[in-house]
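So the structure is just underneath, and the comments pick up after that.
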Amino acid sequence: MLIDGYDTLLLDLDGVVYLGAHAVPGAPAALERARGRGVRLAYVTNNASRTPAAIAAHLRELGAPATAADVVTSAQAAARLIAERVPPGSNVLVVGGSGLRMAVRDRGLRPVSTALDSPVAVVQGIAPGLSYGLLSEGTLAVRQGAWFVAANSDSTMPTGRGELPGNGAMVRVIAAATGVEPVYAGKPDPPLHRESMIRTGARRPLVVGDRLDTDIEGASNAGVDSLLVLTGVATAADVLTAEPRHRPAYVAETLDALHLPYPEVRDGACGGWRARWQDGALRLDGDGSRIDGLRAACDAAWAVAGEGRLEEDAVKPVLDRLG
């Protein structure tokens, strides 16, 4: 089974375990089965607005096994970054919500809301109702020399109504007003992965995600294996045209793949499929499961692209063949 090689799953949330208010079909059962096999589950999220306890409660409502200790957030990673650099009890201006304030407090720092308190650092994370006044206080503090840390660089965040501005977009307010770029704590940057490793004690982790530019790139930056599931953001076209840092070790339709043997993929062949480069485009012949066809095509596409990436037109015959 794929899961047999790993002691810890470092799981993204939205697009992997749930989609908005609803569980991804089959995901809770697959995770419960993984835990039953003795594998540690860690839910690793760039979301800095909610507390670990609130996130765990949401997961349990959806049927996924979770406690607050199983949740690792970019807020926690950001708070550790700051705590390692400044004296205990230092004032930190929090431009964000309760999850970020609690993470700062848990690290022995004092969350404040105004530049008048002379904070040593400003930490920013997305939160509903983030105000102009708080962004202004953060701007003043950074101009006064406070270290600028951002929970993550996500330009958008998914909602039931579509993609809305994420923390990466909101960070541009302070960055543009001060000319100071923040240090980022969340995926794909290393601090959140480091936080996950510290909290779980993982020796053989598998990163599981649905986004190439956060989950998979984060795993590449950390030098660990990753599984891309196609239940969220990434599409077949995205993975076929991925640059090296966005190429997962494994590709699967759902989390059920954790409990199945992963097929051999070699020289553009997987299952009953064979992919090859012909006349300036990628071709796919054979028959079998759609996911095996995609695995074969990825192997061939990445071999042709090398350190670069193919354009979508070059993989269109494969996309047409897979439907």
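By convention here, the chains of the structure tokens are called A, B, ... in the order presented, each chain's residues are numbered starting at 1, and ligands are numbered starting at 1 in the order presented.
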So that I can see what lies close to range 302-316 of chain A, please list as a PyMOL selection string the residues with an atom at most 7 Å from it, counting only C-alpha atoms and leaving out residues fewer than 2 positions away in the same chain. chain A and resi 237+241-244+280-282+298-300+318-320
Which residues of range 119-159 of chain A have any atom within 10 Å of an atom in range 212-228 of chain A when counting only C-alpha atoms, and what is the closest pair of atoms for each, with the distance in Å to one decimal? Order the rows by chain and rising number and write it as JSON lines.
```
{"residue": "A:Asn152", "atom": "CA", "partner": "A:Thr214", "partner_atom": "CA", "distance": 9.8}
{"residue": "A:Ser153", "atom": "CA", "partner": "A:Thr214", "partner_atom": "CA", "distance": 9.3}
{"residue": "A:Asp154", "atom": "CA", "partner": "A:Thr214", "partner_atom": "CA", "distance": 8.4}
```
Would you save the residues from that selection as a PDB file, in the first residue's frame, using N, CA, C and O atoms?
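Heads up, here's the output in selection-v2.pdb:
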```
ATOM      1  N   ASN A 152       1.065  33.802   5.487  1.00  0.00           N
ATOM      2  CA  ASN A 152       1.205  33.101   4.208  1.00  0.00           C
ATOM      3  C   ASN A 152       1.103  34.102   3.072  1.00  0.00           C
ATOM      4  O   ASN A 152       0.739  35.265   3.270  1.00  0.00           O
ATOM      5  N   SER A 153       1.420  33.615   1.883  1.00  0.00           N
ATOM      6  CA  SER A 153       1.422  34.477   0.693  1.00  0.00           C
ATOM      7  C   SER A 153       0.297  34.140  -0.269  1.00  0.00           C
ATOM      8  O   SER A 153       0.337  34.542  -1.439  1.00  0.00           O
ATOM      9  N   ASP A 154      -0.735  33.414   0.194  1.00  0.00           N
ATOM     10  CA  ASP A 154      -1.834  33.015  -0.687  1.00  0.00           C
ATOM     11  C   ASP A 154      -2.538  34.252  -1.247  1.00  0.00           C
ATOM     12  O   ASP A 154      -3.128  35.034  -0.497  1.00  0.00           O
TER      13      ASP A 154
END
```
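The protein and nucleic acid residues lying at most 7 Å from Tyr43 in chain A are Leu10, Leu11, Asp12, Leu13, Asp70, Val71 and Val72 of chain A, with only C-alpha atoms considered and sequence neighbours fewer than 4 positions away removed.
You can rank A:Thr235, A:Gln124, A:Ser196, A:Ser131 by their closest distance to Val183 in chain A using only C-alpha atoms, and at the top of that list sits A:Gln124.
For the residues A:Val112, A:Pro261, A:Gln144, A:Asn91, ranking by smallest atom-to-atom distance to Gly5 in chain A using only C-alpha atoms places A:Pro261 first.
If you measure from each of A:Ser113, A:Ser118, A:Gln76, A:Ser49 to Ser90 in chain A using only C-alpha atoms, the closest one turns out to be A:Ser118.
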